[in-house]
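Before any comments, here is the structure.
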Amino acid sequence: MIPGIDVSQWQRNMDWDAVRQSGVKFVFIKATEFPNKTTKLRVDKKLKENIYGASVNDILWGAYHFFRTHIDPVIQAKLFCDAVGSFSSLPPIIHLEEAGMRGERLNYKVKLFIREVESLTGKKPIIYTGEGFWHSYMCYEKRSHTDWARDYPLWVSQYTSLWPTAMYPWAGWDFWQYTKKGSIPGTTTAVNMNWFNGTEKDLAEKFSCNVNLTNEYNVPIMIEPAHAKMISGAKTLSRAEETNNFKGDFQEPNFQFRNKNISRTEMSFQESKVVTENGISTREEDWIKDYFYQAA
């Protein structure tokens with residue numbers, strides 16, 4: 001097994017050269033989340049700095065999104081990928097730790113997010129979760145609702161000195177977060193520690209990444225004006241605020257913008273549903289994107 005860490009802005013300033021010399025071979029970096037009861041995207045303040053530090057020190061890196069259920073999964077996926085840019089090393093990660101629902105409905109939303117990220121990046125996302133959350137929320141109604149997840153790598157969180165407990169539907173795990181109280185050179189705070197279940201060569205080959213990464217982050221990161229507002233905090237259109245019809249969860253939008261002949265069930269649960277708006281056929285995700293992104 002080989003060692004790794006996961007970090008966010010709470011680790012403050014990292015000495016990535018010292019981190020590399022300590023033996024760390026990979027790092028998972030927090031990228032984005034929508035905090036509870038908000039519709040503004042929060043991008044981790046150290047995201048680009050941490051990606052740059054890991055890249056120039058030949059540490060394999062992946063970025064993760066803290067998934068919430070009150071914002072449409074497709075929107076979360078698009079904004080997550082926009083904030084990170086190119087996933088030139090390890091795959092993107094979905095961080096599953098909190099949810100406002102359970103069972104089949106939760107599985108449906110998680111799958112929407114994962115499939116969109118996979119479509120945008122061409123990489124199978126890694127699933128981060130713990131046994132308690134997975135069994136209590138994802139497997140709430142029946143375990144078979146999670147059969148789809150076996151196709152994706154597992155990063156399991158279990159703080160124990162013993163081997164991690166098996167989790168359905170996986171036969172094993174790829175990454176193991178075993179403590180949140182780690183201490184290594186290059187950090188001034190406690191840090192989460194991880195193992196990869198294999199060698200450094202296994203890690204690079206399994207996820208099709210090169211140890212000698214591109215120079216992508218060797219130049220200052222510039223955000224184009226059109227996306228600046230979106231990256232600093234996604235915001236709804238003023239028309240939504242004025243009419244008080246924005247609910248956050250775009251799987252169940254206000255129907256004044258929709259074909260009234262389509263039922264709420266159809267609108268909420270069918271992927272890539274084609275609707276008619278002013279006589280023009282459009283996929284739901286296009287309508288969502290238009291609604292969410294445009295300036296007032």
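Ligands are numbered from 1 in the order shown, chains are lettered A, B, ... in the order of the structure tokens, and residues start at 1 in each chain.
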
**Message:** If DSSP is run on the backbone, what residues of segment 50-138 of chain A are helix (DSSP H, G or I)? A reply as a PyMOL selection string would be ideal.
**Reply:** chain A and resi 50-56+73-84+103-121+131-138

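Those residues that approach Tyr140 of chain A to within 10 Å, counting only C-alpha atoms, are A:Met101, A:Arg102, A:Gly103, A:Glu104, A:Leu106, A:Phe133, A:Trp134, A:His135, A:Ser136, A:His145, A:Thr146; same-chain residues fewer than 4 positions away are not listed.
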
**Request:** May I ask which of the residues A:Val156, A:His65, A:Ile2, A:Met14 is the closest one to Asp82 of chain A, counting only C-alpha atoms?
**Result:** A:His65

**Asked** Could you work out how far atom CA of Leu112 of chain A lies from atom CA of Trp148 of chain A, giving the answer in Å with one decimal?
**Response** 11.9 Å

**Message:** Residues near segment 113-121 of chain A, anyone? I mean within 8 Å using only C-alpha atoms, not counting same-chain ones fewer than 5 positions away, as an NGL selection string.
**Reply:** :A and (73-74 or 76-78 or 81 or 86-87 or 92 or 94)

**Message:** At a cut-off of 10 Å, using only C-alpha atoms, what residues contact segment 23-29 of chain A? Leave out same-chain residues fewer than 4 positions from it and give the result as a PyMOL selection string.
**Reply:** chain A and resi 2-9+16+18-19+44+46-48+50-51+54+57-65+89-93+184-185+192-196+200+203+211

**Which of segment 34-78 of chain A fall in strand (DSSP E), as a PyMOL selection string** = chain A and resi 42-43+60-66

**Asked** Could you state the separation of atom CA of Pro35 of chain A and atom CA of Arg68 of chain A in Å, given to one decimal place?
**Response** 7.8 Å

**Prompt:** Quick one, how far is atom CA of Ser144 of chain A from atom CA of Phe175 of chain A?
**Reply:**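 Computing it gives 22.9 Å between the two atoms.
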